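Only one structure is covered here, and it is reproduced in the block below.
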Amino acid sequence: MKLAGQLVAFGKRCSGTEAYRKQSEFIAEEARAAGANVLFQDFRKQTAKGGILFRNIIAEVKGREDRFVIVSTHCDLKDLGELAFEGANDGASGTALLLEMMRALERGGRKLPVTVRFVFFDGEECMIAYSESDGLFGSRHYAQSMNAADRKACLGVINVDMVGDRDLLVTVPRNGDDGLAGQVLAAAGAAGYGAYFVRSAQVVLDDHVPFLEQGIPAVNLIDFDYGPANSYWHTDADSMDKISAESLEIVGNTVFRAIWHIKK
């Protein structure tokens, strides 16, 4: 929770802003302190709001072999103008979770069975309306920049988004790899968290989609029922008091278990 609060404190960390740049440096520092190898992936795209310099942050933790799993989230904030929008759940929760997962690995001293690339995407939020040229900027750029060797070595992508809700119910949308979805749900059940995870018939456009388009197994873990009738989403109600450390722990432990038992 402390990490989520530190991220929120950067303010309007929208793509291309100074606040986003400072947040990206904070994420990199925290990841390096946890023993990850970190690099920035900077790229410029023309958007509905003009040219923007985007920045993905990639933090790799070596496992016992070079084949890897991508665990990802988005760390940009939706630009809602003058609205006092914190994005505690929509942006900060997933970002804090990935950082805390790296910290836990460092504290535990246990080597992962495979390498994990923790990737923080910029530009998940659309400028106007989601389309082939608006939204998912960071994940599209990353997925399309993977070479043949990377695509072959990647065992799958687990993307998390809006996973801090105090009233947690994580859905695994229909548009995801069935095998990987089954592994995540089995991991949740084995950890005693089965009541918090369900497979959904809904199709969700999120940062897992560009990987599916590249033929890479990917799933999305998202709680898209945030507040009554999803009323907290993209409003000033998305604040620190609406998220909990327990929810982040449930999702983090589930993702860890899925990685440890991933079918190669």
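Convention: chains lettered A, B, ... in structure tokens order; per-chain residue numbering from 1; ligands numbered from 1 as shown.
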Margin query: Please identify the helix (DSSP H, G or I) residues within stretch 115-259 of chain A (assignment by DSSP from backbone atoms) and present them as a PyMOL selection string.
Written below: chain A and resi 137-145+148-153+178-190+194-196+209-213+228-230+240-242+245-259
Margin query: Taking 3 positions as the minimum chain separation for residues in the same chain, which residues sit within 12 Å of A:Ala188 when counting only C-alpha atoms? Answer as number ranges by chain.
Written below: A: 169-172, 181-185, 191-199, 221, 249-259, 261
Could you please take those selected residues and save C-alpha atoms as a PDB file, in the first residue's frame?
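Below is the file selection-v9.pdb, written as the result:
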ATOM      1  CA  LEU A 169     -13.326 -10.181  -7.860  1.00  0.00           C
ATOM      2  CA  VAL A 170     -10.754 -10.751 -10.578  1.00  0.00           C
ATOM      3  CA  THR A 171     -12.084 -11.796 -13.962  1.00  0.00           C
ATOM      4  CA  VAL A 172     -10.082 -13.575 -16.642  1.00  0.00           C
ATOM      5  CA  ALA A 181      -6.123 -18.917 -18.103  1.00  0.00           C
ATOM      6  CA  GLY A 182      -6.616 -22.429 -16.761  1.00  0.00           C
ATOM      7  CA  GLN A 183      -3.194 -22.351 -15.089  1.00  0.00           C
ATOM      8  CA  VAL A 184      -3.961 -19.027 -13.386  1.00  0.00           C
ATOM      9  CA  LEU A 185      -7.355 -20.242 -12.148  1.00  0.00           C
ATOM     10  CA  ALA A 191      -3.699 -21.028  -2.955  1.00  0.00           C
ATOM     11  CA  GLY A 192      -7.185 -20.903  -1.430  1.00  0.00           C
ATOM     12  CA  TYR A 193      -8.207 -17.866  -3.471  1.00  0.00           C
ATOM     13  CA  GLY A 194     -10.655 -19.534  -5.833  1.00  0.00           C
ATOM     14  CA  ALA A 195     -13.548 -17.341  -4.692  1.00  0.00           C
ATOM     15  CA  TYR A 196     -11.726 -14.239  -5.922  1.00  0.00           C
ATOM     16  CA  PHE A 197     -11.131 -15.396  -9.521  1.00  0.00           C
ATOM     17  CA  VAL A 198     -13.589 -16.280 -12.293  1.00  0.00           C
ATOM     18  CA  ARG A 199     -13.400 -16.868 -16.032  1.00  0.00           C
ATOM     19  CA  LEU A 221      -6.468 -10.316 -14.768  1.00  0.00           C
ATOM     20  CA  GLU A 249      -1.449  -9.949  -1.825  1.00  0.00           C
ATOM     21  CA  ILE A 250      -4.109 -12.308  -3.189  1.00  0.00           C
ATOM     22  CA  VAL A 251      -3.339 -11.410  -6.796  1.00  0.00           C
ATOM     23  CA  GLY A 252       0.433 -11.409  -6.281  1.00  0.00           C
ATOM     24  CA  ASN A 253       0.470 -14.825  -4.624  1.00  0.00           C
ATOM     25  CA  THR A 254      -1.698 -16.236  -7.390  1.00  0.00           C
ATOM     26  CA  VAL A 255       0.579 -14.906 -10.119  1.00  0.00           C
ATOM     27  CA  PHE A 256       3.652 -16.276  -8.314  1.00  0.00           C
ATOM     28  CA  ARG A 257       2.080 -19.724  -8.052  1.00  0.00           C
ATOM     29  CA  ALA A 258       1.117 -19.627 -11.739  1.00  0.00           C
ATOM     30  CA  ILE A 259       4.710 -18.775 -12.692  1.00  0.00           C
ATOM     31  CA  HIS A 261       3.842 -24.135 -12.122  1.00  0.00           C
TER      32      HIS A 261
END
Notebook entry, point to check: Quick one: residues within 12 Å of A:Gly50, only C-alpha atoms counted, chain neighbours fewer than 6 positions away excluded, as a PyMOL selection string?
Noted result: chain A and resi 15-16+44+127-128+134
Item checked: Residues within 10 Å of A:Gly164, only C-alpha atoms, excluding chain neighbours under 2 positions, as a PyMOL selection string -> chain A and resi 1+4+88-94+96-97+161-162+166-170+222-223+226+240+242-251
Selection near A:Leu136, 7 Å with only C-alpha atoms, sequence-local residues under 5 positions removed, as an mmCIF file with N, CA and C atoms, in the first residue's frame:
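Saved to result27.cif:
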data_model
loop_
_atom_site.group_PDB
_atom_site.id
_atom_site.type_symbol
_atom_site.label_atom_id
_atom_site.label_comp_id
_atom_site.auth_asym_id
_atom_site.auth_seq_id
_atom_site.Cartn_x
_atom_site.Cartn_y
_atom_site.Cartn_z
ATOM 1 N N GLY A 123 0.966 4.407 -21.906
ATOM 2 C CA GLY A 123 0.005 4.608 -22.978
ATOM 3 C C GLY A 123 -1.071 3.552 -23.116
ATOM 4 N N GLU A 124 -1.406 2.844 -22.037
ATOM 5 C CA GLU A 124 -2.558 1.935 -22.125
ATOM 6 C C GLU A 124 -3.837 2.727 -22.328
ATOM 7 N N GLU A 125 -3.944 3.840 -21.630
ATOM 8 C CA GLU A 125 -5.150 4.666 -21.724
ATOM 9 C C GLU A 125 -5.223 5.357 -23.081
ATOM 10 N N ASP A 206 -7.285 -4.794 -23.487
ATOM 11 C CA ASP A 206 -6.277 -4.395 -22.512
ATOM 12 C C ASP A 206 -4.902 -4.781 -23.055
ATOM 13 N N ASP A 207 -3.879 -4.609 -22.230
ATOM 14 C CA ASP A 207 -2.509 -4.758 -22.715
ATOM 15 C C ASP A 207 -2.104 -6.187 -23.066
#
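Summary of the local environment: counting only C-alpha atoms, residues at most 7 Å from stretch 176-179 of chain A, other than itself and those fewer than 4 positions away along its chain, are Gln183, Pro217, Ala218, Val219 and Asn220 of chain A.
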Restricting the output to N, CA and C atoms, write the selected residues as an mmCIF file, in the first residue's frame.
data_model
loop_
_atom_site.group_PDB
_atom_site.id
_atom_site.type_symbol
_atom_site.label_atom_id
_atom_site.label_comp_id
_atom_site.auth_asym_id
_atom_site.auth_seq_id
_atom_site.Cartn_x
_atom_site.Cartn_y
_atom_site.Cartn_z
ATOM 1 N N GLN A 183 -4.292 -22.281 -16.059
ATOM 2 C CA GLN A 183 -3.194 -22.351 -15.089
ATOM 3 C C GLN A 183 -3.353 -21.297 -14.004
ATOM 4 N N PRO A 217 0.861 -16.592 -26.046
ATOM 5 C CA PRO A 217 -0.191 -16.833 -25.052
ATOM 6 C C PRO A 217 -0.258 -15.680 -24.043
ATOM 7 N N ALA A 218 -1.451 -15.178 -23.782
ATOM 8 C CA ALA A 218 -1.596 -14.043 -22.868
ATOM 9 C C ALA A 218 -2.960 -14.077 -22.207
ATOM 10 N N VAL A 219 -2.996 -13.629 -20.959
ATOM 11 C CA VAL A 219 -4.257 -13.477 -20.230
ATOM 12 C C VAL A 219 -4.255 -12.139 -19.510
ATOM 13 N N ASN A 220 -5.448 -11.697 -19.188
ATOM 14 C CA ASN A 220 -5.631 -10.444 -18.468
ATOM 15 C C ASN A 220 -6.348 -10.722 -17.157
#
Note to self: Would you pick out the contacts of A:Phe40 at 8 Å or less, using only C-alpha atoms, so that residues sharing its chain but fewer than 5 positions from it are not included, and give the list as JSON, numbers by chain?
What the structure shows: {"A": [55, 56, 57, 58]}
Next item on the list: Give the answer as one residue: which of A:Ser231, A:Ser139, A:Gln202, A:Asn159 has the shortest atom-to-atom distance to A:Phe43, using only C-alpha atoms?
Entry: A:Ser139
Next item on the list: Report the distance between atom CA of A:Arg174 and atom CA of A:Ala201 in Å, rounded to one decimal place.
Entry: 5.0 Å
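Among A:Asp66, A:Glu30, A:Asp241, A:Glu82, the residue with the shortest atom-to-atom distance to A:Met101, counting only C-alpha atoms, is A:Glu30.
Closest approach to A:Pro173 from the set A:Val38, A:Leu83, A:Val209, A:Cys14 is made by A:Val209, with distances taken over only C-alpha atoms.
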Note to self: Under the rule that only C-alpha atoms are counted, which of A:Phe68, A:Tyr142, A:Tyr20, A:Tyr130 is the nearest residue to A:Val114?
What the structure shows: A:Phe68
Margin query: Taking only C-alpha atoms into account, name the residue in A:Leu98, A:Leu77, A:Ala229, A:Ala187 that is nearest to A:Trp260.
Written below: A:Ala187
